[in-house]
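Visitor: I have a structure here, written as structure tokens, and I will follow up with some questions on it.
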Amino acid sequence: MSHPDDRAQFQAESKAFAIRMGADRALFEKSTDLIVEADKYKYSYLWTWLGVPIIQMPADIVALQEAVWRSKPDIVVETGIARGGSVVFFASLLELLGNGKVIGVDIDIRAANRDTIETHPMAKRIRLIEGSSVAPETLEKVRSEIPAGSRVMVVLDSDHSRDHVLAELRAYAPLVTPGQYLVVADTILGFLNREQTPTARSKVWYKGDEPLAALEAFMTECNDFELDEEMNGKLIMGSSPSGYLRRRG
Ligand SMILES: C[S@@+](CC[C@H](N)C(=O)[O-])C[C@H]1O[C@@H](n2cnc3c(N)ncnc32)[C@H](O)[C@@H]1O
């Protein structure tokens with residue numbers, strides 16, 4: 001039986017549904033309520049990637065995979081690596097693509113986590129840099145790991161206070177090359193009211209002092225990025241709705 005080639009139509013319909021879904025505030029609020037309920041069980045801490053804890057929800061992981069596949073970066077810079085699952089995740093995608101490396105930056109790379117990362121089969125595609133993501137010496141080390149002409153994607157997932165994320169955006173956005181993604185993680189915090197905000201954390205970030213507030217401030221001062229409507233539209237049950245920016249050009 002022969003079928004017409006409907007790939008382009010399927011893709012166009014999926015995009016249209018994603019954008020329409022993004023406008024469905026009632027659905028988004030239900031999703032937010034579910035995330036808040038599930039956070040009582042530390043939902044975003046329950047997952048692993050290739051055996052390593054990754055502090056993301058499944059929707060975030062799929063969205064990041066789509067971003068990497070679409071833009072095929074040579075370098076992924078991630079601030080905030082925690083137990084290593086996200087750097088192993090990016091490294092595994094780059095391994096499949098047969099090219100590239102991940103530069104993981106964290107203010108505190110604990111010995112056990114470093115051991116997990118450095119002994120992982122994906123370690124060859126990972127460089128670790130310890131230090132505050134916005135310290136000049138850290139930025140210098142990050143830049144020195146990026147070969148000239150590389151396609152660079154950046155994911156910001158470290159200290160989620162507004163001022164820190166805004167400082168990161170100012171420091172790391174210039175590294176992102178045209179067509180590549182700049183992902184601001186945990187923008188969900190900007191959609192939660194005070195009662196919904198997770199407090200069982202080492203730090204608590206209320207609406208206004210969180211990544212979405214930083215992203216909004218950044219967008220008023222920089223016109224080089226556009227929000228990826230499709231990606232953001234379908235990010236229910238994820239921690240970074242509205243967090244996907246793509247460099248123009
Ligand atoms: C949410 S966790 C990162 C989760 C990780 N991306 C993942 O998906 O598994 C945040 C991390 O940011 C790090 N961090 C906090 N402040 C930082 C800073 N100023 N610079 C760099 N890293 C920082 C913490 O040590 C922690 O490991």
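Note on naming: chains are A, B, ... as they come in the structure tokens, residues start from 1 per chain, ligands start from 1 in the order shown.
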What's the 8 Å shell around region 47-58 of chain A, counting only C-alpha atoms, without same-chain residues fewer than 2 positions away, as a list in words?

Guide: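 Here the qualifying residues turn out to be Tyr43, Ser44, Tyr45, Asp60, Ile61, Val62, Ala82, Arg83, Gly84, Gly85, Ser86, Val88, Phe89, Thr116, Met237, Gly238 and Ser239 of chain A.
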
Visitor: Take the residues just selected and output them with C-alpha atoms as a compact mmCIF listing (two decimals), in the first residue's frame.

Guide:
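To be explicit, this is the file written out as result_24.txt:
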# COMPACT_ATOMS: atom_id res chain seq x y z
CA TYR A 43 9.82 14.68 40.89
CA SER A 44 12.62 16.48 39.07
CA TYR A 45 15.22 14.60 41.15
CA ASP A 60 12.89 19.08 29.65
CA ILE A 61 15.11 16.23 28.57
CA VAL A 62 13.16 15.68 25.35
CA ALA A 82 25.10 19.06 39.93
CA ARG A 83 25.48 15.26 39.82
CA GLY A 84 26.43 15.22 36.16
CA GLY A 85 23.39 13.77 34.40
CA SER A 86 22.87 16.76 32.13
CA VAL A 88 26.44 13.19 30.30
CA PHE A 89 23.15 13.71 28.42
CA THR A 116 30.99 9.65 38.17
CA MET A 237 5.14 19.38 32.57
CA GLY A 238 8.64 20.83 32.24
CA SER A 239 10.73 23.24 34.28

Visitor: If you count only C-alpha atoms, which residues fall within 8 Å of Met231 (chain A), apart from same-chain ones fewer than 4 positions away, as a ChimeraX atom specification?

Guide: /A:18,63,235,244

Visitor: Considering only C-alpha atoms and all ligand atoms, tabulate each residue of chain A that lies at most 8 Å from ligand 1 along with its nearest interatomic pair and the corresponding distance in Å to one decimal; arrange the rows by chain and ascending residue number and present them as a Markdown table.

Guide:
| residue | atom | partner | partner_atom_place_in_ligand_line | distance |
| --- | --- | --- | --- | --- |
| A:Pro53 | CA | ligand 1 | 9 (O) | 6.3 |
| A:Ile54 | CA | ligand 1 | 9 (O) | 3.6 |
| A:Ile55 | CA | ligand 1 | 9 (O) | 3.7 |
| A:Gln56 | CA | ligand 1 | 8 (O) | 5.2 |
| A:Glu78 | CA | ligand 1 | 6 (N) | 7.1 |
| A:Thr79 | CA | ligand 1 | 21 (C) | 5.6 |
| A:Gly80 | CA | ligand 1 | 12 (O) | 3.4 |
| A:Ile81 | CA | ligand 1 | 5 (C) | 4.2 |
| A:Ala82 | CA | ligand 1 | 27 (O) | 3.2 |
| A:Arg83 | CA | ligand 1 | 9 (O) | 5.9 |
| A:Gly84 | CA | ligand 1 | 9 (O) | 5.7 |
| A:Gly85 | CA | ligand 1 | 9 (O) | 4.9 |
| A:Ser86 | CA | ligand 1 | 8 (O) | 4.4 |
| A:Val87 | CA | ligand 1 | 6 (N) | 7.4 |
| A:Val105 | CA | ligand 1 | 21 (C) | 5.8 |
| A:Asp106 | CA | ligand 1 | 22 (N) | 3.6 |
| A:Ile107 | CA | ligand 1 | 21 (C) | 4.1 |
| A:Asp108 | CA | ligand 1 | 25 (O) | 4.8 |
| A:Ile109 | CA | ligand 1 | 25 (O) | 6.9 |
| A:Glu130 | CA | ligand 1 | 21 (C) | 7.6 |
| A:Gly131 | CA | ligand 1 | 21 (C) | 6.0 |
| A:Ser132 | CA | ligand 1 | 20 (N) | 3.5 |
| A:Ser133 | CA | ligand 1 | 20 (N) | 3.9 |
| A:Val134 | CA | ligand 1 | 20 (N) | 6.6 |
| A:Leu156 | CA | ligand 1 | 6 (N) | 8.0 |
| A:Asp157 | CA | ligand 1 | 6 (N) | 5.2 |
| A:Ser158 | CA | ligand 1 | 12 (O) | 3.3 |
| A:Asp159 | CA | ligand 1 | 16 (N) | 4.0 |
| A:His160 | CA | ligand 1 | 16 (N) | 7.8 |
| A:His164 | CA | ligand 1 | 19 (N) | 7.1 |

Visitor: Using only C-alpha atoms, which of the listed residues (A:Ala167, A:Ala91, A:Val102, A:Ala16) sits closest to Ile75 (chain A)?

Guide: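 Nearest to Ile75 (chain A): A:Val102.
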
Visitor: From a DSSP pass on the backbone, collect the residues of region 18-230 of chain A flagged as strand (DSSP E) and hand them back as JSON, numbers by chain.

Guide: {"A": [47, 48, 49, 52, 53, 54, 75, 76, 77, 78, 79, 101, 102, 103, 104, 105, 106, 126, 127, 128, 129, 130, 152, 153, 154, 155, 156, 181, 182, 183, 184, 225, 226, 227]}

Visitor: Keeping only N, CA and C atoms, write the selected residues as a JSON list (two decimals), in the first residue's frame.

Guide:
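What ended up in again-v7.json:
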[["chain", "number", "residue", "atom", "x", "y", "z"],
["A", 47, "TRP", "N", 15.09, 11.22, 38.14],
["A", 47, "TRP", "CA", 15.47, 10.64, 36.85],
["A", 47, "TRP", "C", 16.97, 10.53, 36.68],
["A", 48, "THR", "N", 17.35, 9.61, 35.79],
["A", 48, "THR", "CA", 18.78, 9.47, 35.47],
["A", 48, "THR", "C", 18.94, 9.47, 33.95],
["A", 49, "TRP", "N", 20.14, 9.82, 33.50],
["A", 49, "TRP", "CA", 20.47, 9.66, 32.08],
["A", 49, "TRP", "C", 21.73, 8.82, 31.99],
["A", 52, "VAL", "N", 23.19, 8.33, 35.38],
["A", 52, "VAL", "CA", 23.63, 9.46, 36.21],
["A", 52, "VAL", "C", 22.42, 10.37, 36.52],
["A", 53, "PRO", "N", 22.24, 10.76, 37.80],
["A", 53, "PRO", "CA", 21.09, 11.61, 38.14],
["A", 53, "PRO", "C", 21.08, 12.92, 37.34],
["A", 54, "ILE", "N", 19.93, 13.19, 36.73],
["A", 54, "ILE", "CA", 19.75, 14.41, 35.94],
["A", 54, "ILE", "C", 18.56, 15.15, 36.56],
["A", 75, "ILE", "N", 29.70, 22.83, 20.40],
["A", 75, "ILE", "CA", 29.98, 23.01, 21.82],
["A", 75, "ILE", "C", 28.67, 23.29, 22.54],
["A", 76, "VAL", "N", 28.46, 22.58, 23.66],
["A", 76, "VAL", "CA", 27.37, 22.93, 24.57],
["A", 76, "VAL", "C", 28.02, 23.39, 25.86],
["A", 77, "VAL", "N", 27.72, 24.61, 26.26],
["A", 77, "VAL", "CA", 28.20, 25.10, 27.55],
["A", 77, "VAL", "C", 27.03, 25.01, 28.51],
["A", 78, "GLU", "N", 27.24, 24.34, 29.65],
["A", 78, "GLU", "CA", 26.19, 24.30, 30.66],
["A", 78, "GLU", "C", 26.72, 24.82, 31.98],
["A", 79, "THR", "N", 26.00, 25.78, 32.57],
["A", 79, "THR", "CA", 26.34, 26.22, 33.92],
["A", 79, "THR", "C", 25.42, 25.49, 34.89],
["A", 101, "LYS", "N", 31.84, 18.80, 22.05],
["A", 101, "LYS", "CA", 32.07, 18.57, 23.48],
["A", 101, "LYS", "C", 31.18, 19.47, 24.32],
["A", 102, "VAL", "N", 31.03, 19.05, 25.55],
["A", 102, "VAL", "CA", 30.26, 19.79, 26.55],
["A", 102, "VAL", "C", 31.23, 20.43, 27.52],
["A", 103, "ILE", "N", 31.00, 21.70, 27.81],
["A", 103, "ILE", "CA", 31.80, 22.37, 28.84],
["A", 103, "ILE", "C", 30.87, 22.58, 30.02],
["A", 104, "GLY", "N", 31.12, 21.90, 31.11],
["A", 104, "GLY", "CA", 30.26, 21.97, 32.28],
["A", 104, "GLY", "C", 30.91, 22.83, 33.35],
["A", 105, "VAL", "N", 30.17, 23.82, 33.83],
["A", 105, "VAL", "CA", 30.70, 24.75, 34.83],
["A", 105, "VAL", "C", 29.88, 24.61, 36.11],
["A", 106, "ASP", "N", 30.57, 24.48, 37.23],
["A", 106, "ASP", "CA", 29.84, 24.44, 38.50],
["A", 106, "ASP", "C", 30.73, 25.01, 39.59],
["A", 126, "ILE", "N", 33.48, 15.57, 27.58],
["A", 126, "ILE", "CA", 33.12, 16.50, 28.66],
["A", 126, "ILE", "C", 34.36, 17.19, 29.22],
["A", 127, "ARG", "N", 34.28, 18.51, 29.37],
["A", 127, "ARG", "CA", 35.31, 19.26, 30.09],
["A", 127, "ARG", "C", 34.62, 19.90, 31.29],
["A", 128, "LEU", "N", 35.22, 19.78, 32.46],
["A", 128, "LEU", "CA", 34.64, 20.35, 33.67],
["A", 128, "LEU", "C", 35.45, 21.57, 34.11],
["A", 129, "ILE", "N", 34.74, 22.61, 34.49],
["A", 129, "ILE", "CA", 35.41, 23.81, 35.00],
["A", 129, "ILE", "C", 34.75, 24.15, 36.33],
["A", 130, "GLU", "N", 35.57, 24.22, 37.37],
["A", 130, "GLU", "CA", 35.01, 24.54, 38.69],
["A", 130, "GLU", "C", 35.19, 26.02, 38.97],
["A", 152, "VAL", "N", 27.93, 27.24, 18.96],
["A", 152, "VAL", "CA", 27.87, 27.14, 20.43],
["A", 152, "VAL", "C", 26.44, 27.32, 20.95],
["A", 153, "MET", "N", 26.04, 26.35, 21.76],
["A", 153, "MET", "CA", 24.74, 26.40, 22.47],
["A", 153, "MET", "C", 25.04, 26.58, 23.96],
["A", 154, "VAL", "N", 24.17, 27.28, 24.66],
["A", 154, "VAL", "CA", 24.40, 27.51, 26.10],
["A", 154, "VAL", "C", 23.13, 27.16, 26.89],
["A", 155, "VAL", "N", 23.33, 26.51, 28.02],
["A", 155, "VAL", "CA", 22.23, 26.20, 28.94],
["A", 155, "VAL", "C", 22.61, 26.76, 30.31],
["A", 156, "LEU", "N", 21.74, 27.59, 30.86],
["A", 156, "LEU", "CA", 22.03, 28.22, 32.15],
["A", 156, "LEU", "C", 21.17, 27.56, 33.23],
["A", 181, "TYR", "N", 20.80, 27.63, 20.34],
["A", 181, "TYR", "CA", 19.90, 27.88, 21.48],
["A", 181, "TYR", "C", 20.63, 28.45, 22.69],
["A", 182, "LEU", "N", 19.89, 29.28, 23.39],
["A", 182, "LEU", "CA", 20.29, 29.77, 24.72],
["A", 182, "LEU", "C", 19.12, 29.37, 25.61],
["A", 183, "VAL", "N", 19.35, 28.41, 26.50],
["A", 183, "VAL", "CA", 18.26, 27.89, 27.32],
["A", 183, "VAL", "C", 18.42, 28.37, 28.76],
["A", 184, "VAL", "N", 17.37, 28.97, 29.25],
["A", 184, "VAL", "CA", 17.36, 29.43, 30.64],
["A", 184, "VAL", "C", 16.48, 28.44, 31.41],
["A", 225, "PHE", "N", 18.13, 37.71, 20.21],
["A", 225, "PHE", "CA", 17.49, 36.39, 20.40],
["A", 225, "PHE", "C", 15.99, 36.49, 20.22],
["A", 226, "GLU", "N", 15.41, 35.37, 19.75],
["A", 226, "GLU", "CA", 13.96, 35.31, 19.72],
["A", 226, "GLU", "C", 13.51, 34.09, 20.52],
["A", 227, "LEU", "N", 12.31, 34.19, 21.10],
["A", 227, "LEU", "CA", 11.76, 33.05, 21.83],
["A", 227, "LEU", "C", 11.34, 31.99, 20.82]]

Visitor: Would you pick out the contacts of region 21-23 of chain A at 10 Å or less, using only C-alpha atoms, so that residues sharing its chain but fewer than 5 positions from it are not included, and give the list as a list in words?

Guide: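 Non-adjacent residues within range: Lys15, Ala16, Phe28, Glu229, Glu230, Met231, Asn232, Gly233, Lys234, Leu235, Ile236, Pro241 and Ser242 of chain A.
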
Visitor: Leaving out region 190-203 of chain A and any residue of its chain fewer than 3 positions from it, which residues lie within 10 Å of it when counting only C-alpha atoms, given as a list in words?

Guide: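 So, after excluding close chain neighbours, the residues are Phe28, Glu29, Thr32, Asp33, Ile35, Val36, Glu37, Asp39, Lys40, Lys42, Asp159, His160, Ser161, Asp186, Thr187, Tyr206, Lys207, Gly208, Asp209, Glu210, Pro211, Leu212, Ala213, Ala214, Ser240, Pro241 and Ser242 of chain A.
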
Visitor: Export, as a tab-separated table (two decimals), in the first residue's frame, the selected residues with N, CA and C atoms.

Guide:
chain	number	residue	atom	x	y	z
A	28	PHE	N	-2.00	25.13	31.00
A	28	PHE	CA	-0.71	25.42	31.64
A	28	PHE	C	-0.86	25.46	33.17
A	29	GLU	N	-1.96	26.03	33.61
A	29	GLU	CA	-2.17	26.09	35.07
A	29	GLU	C	-2.37	24.70	35.67
A	32	THR	N	1.01	23.25	35.86
A	32	THR	CA	1.76	23.85	36.98
A	32	THR	C	1.30	23.24	38.31
A	33	ASP	N	-0.01	23.08	38.44
A	33	ASP	CA	-0.53	22.48	39.68
A	33	ASP	C	0.03	21.07	39.87
A	35	ILE	N	2.84	19.87	38.62
A	35	ILE	CA	4.27	19.96	38.94
A	35	ILE	C	4.46	20.28	40.44
A	36	VAL	N	3.65	21.22	40.92
A	36	VAL	CA	3.77	21.61	42.34
A	36	VAL	C	3.45	20.41	43.24
A	37	GLU	N	2.41	19.67	42.88
A	37	GLU	CA	2.06	18.48	43.66
A	37	GLU	C	3.17	17.43	43.61
A	39	ASP	N	6.25	17.88	43.01
A	39	ASP	CA	7.49	18.33	43.63
A	39	ASP	C	7.58	17.89	45.10
A	40	LYS	N	6.42	17.57	45.69
A	40	LYS	CA	6.45	17.06	47.08
A	40	LYS	C	7.24	15.77	47.15
A	42	LYS	N	9.80	15.29	45.05
A	42	LYS	CA	11.05	15.65	44.35
A	42	LYS	C	11.08	15.07	42.93
A	159	ASP	N	22.82	28.98	39.79
A	159	ASP	CA	22.10	29.77	40.81
A	159	ASP	C	20.93	30.45	40.10
A	160	HIS	N	19.72	30.24	40.61
A	160	HIS	CA	18.54	30.72	39.90
A	160	HIS	C	18.06	32.12	40.32
A	161	SER	N	18.87	32.85	41.09
A	161	SER	CA	18.41	34.21	41.45
A	161	SER	C	18.42	35.09	40.21
A	186	ASP	N	14.63	26.41	34.60
A	186	ASP	CA	13.80	26.69	35.78
A	186	ASP	C	13.02	27.99	35.71
A	187	THR	N	12.66	28.38	34.49
A	187	THR	CA	11.77	29.54	34.32
A	187	THR	C	10.39	29.28	34.92
A	206	TYR	N	11.62	33.08	44.84
A	206	TYR	CA	10.23	33.47	44.61
A	206	TYR	C	10.11	34.26	43.30
A	207	LYS	N	8.87	34.31	42.79
A	207	LYS	CA	8.59	35.06	41.56
A	207	LYS	C	9.19	36.46	41.66
A	208	GLY	N	9.89	36.85	40.65
A	208	GLY	CA	10.55	38.17	40.63
A	208	GLY	C	12.04	38.04	40.88
A	209	ASP	N	12.41	37.02	41.64
A	209	ASP	CA	13.85	36.78	41.90
A	209	ASP	C	14.18	35.38	41.38
A	210	GLU	N	14.01	35.20	40.10
A	210	GLU	CA	14.17	33.86	39.50
A	210	GLU	C	14.54	34.00	38.02
A	211	PRO	N	14.76	32.88	37.32
A	211	PRO	CA	15.27	32.96	35.94
A	211	PRO	C	14.35	33.66	34.93
A	212	LEU	N	13.03	33.52	35.08
A	212	LEU	CA	12.15	34.17	34.09
A	212	LEU	C	12.27	35.70	34.20
A	213	ALA	N	12.39	36.19	35.43
A	213	ALA	CA	12.54	37.64	35.63
A	213	ALA	C	13.84	38.11	34.97
A	214	ALA	N	14.88	37.30	35.08
A	214	ALA	CA	16.17	37.64	34.44
A	214	ALA	C	16.03	37.64	32.92
A	240	SER	N	11.22	24.48	32.23
A	240	SER	CA	11.75	25.67	31.56
A	240	SER	C	10.82	26.27	30.50
A	241	PRO	N	9.51	26.42	30.79
A	241	PRO	CA	8.64	27.03	29.79
A	241	PRO	C	9.04	28.49	29.59
A	242	SER	N	9.05	28.93	28.35
A	242	SER	CA	9.49	30.29	27.96
A	242	SER	C	10.99	30.45	28.09

Visitor: Residues within 12 Å of Cys222 (chain A), please, as a list of chain:residue names. Count only C-alpha atoms; anything in the same chain fewer than 6 positions from it doesn't count.

Guide: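 Near neighbours after the sequence-gap exclusion: A:Leu166, A:Leu169, A:Arg170, A:Ala173, A:Pro174, A:Leu215, A:Glu216, A:Leu245, A:Arg247, A:Arg248.
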
Visitor: Here is a test: counting only C-alpha atoms, which residue of A:Ser71, A:Asn113, A:Trp205, A:Pro136 is nearest to Pro178 (chain A)?

Guide: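 Checking each of A:Ser71, A:Asn113, A:Trp205, A:Pro136 against Pro178 (chain A), counting only C-alpha atoms, the winner is A:Ser71.
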
Visitor: Give me the residues within 12 Å of Leu97 (chain A) as a PyMOL selection string, counting only C-alpha atoms and dropping any in the same chain fewer than 4 places off.

Guide: chain A and resi 65+68-75+90-93+101+125

Visitor: Choose the residue, out of A:Gly243, A:Gly100, A:Pro4, A:Gly249, that has the smallest atom-to-atom separation from Ile146 (chain A); count only C-alpha atoms.

Guide: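 Among A:Gly243, A:Gly100, A:Pro4, A:Gly249, it is A:Gly100 that comes nearest to Ile146 (chain A).
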
Visitor: In region 13-240 of chain A, what's alpha helix (DSSP H) per DSSP? Answer as a PyMOL selection string?

Guide: chain A and resi 13-22+25-38+58-71+85-97+111-118+136-144+162-172+211-221+229-234

Visitor: One decimal, in Å: what's the spacing between CA of Ala185 (chain A) and CA of Arg143 (chain A)?

Guide: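 Distance reported for this atom pair: 21.4 Å.
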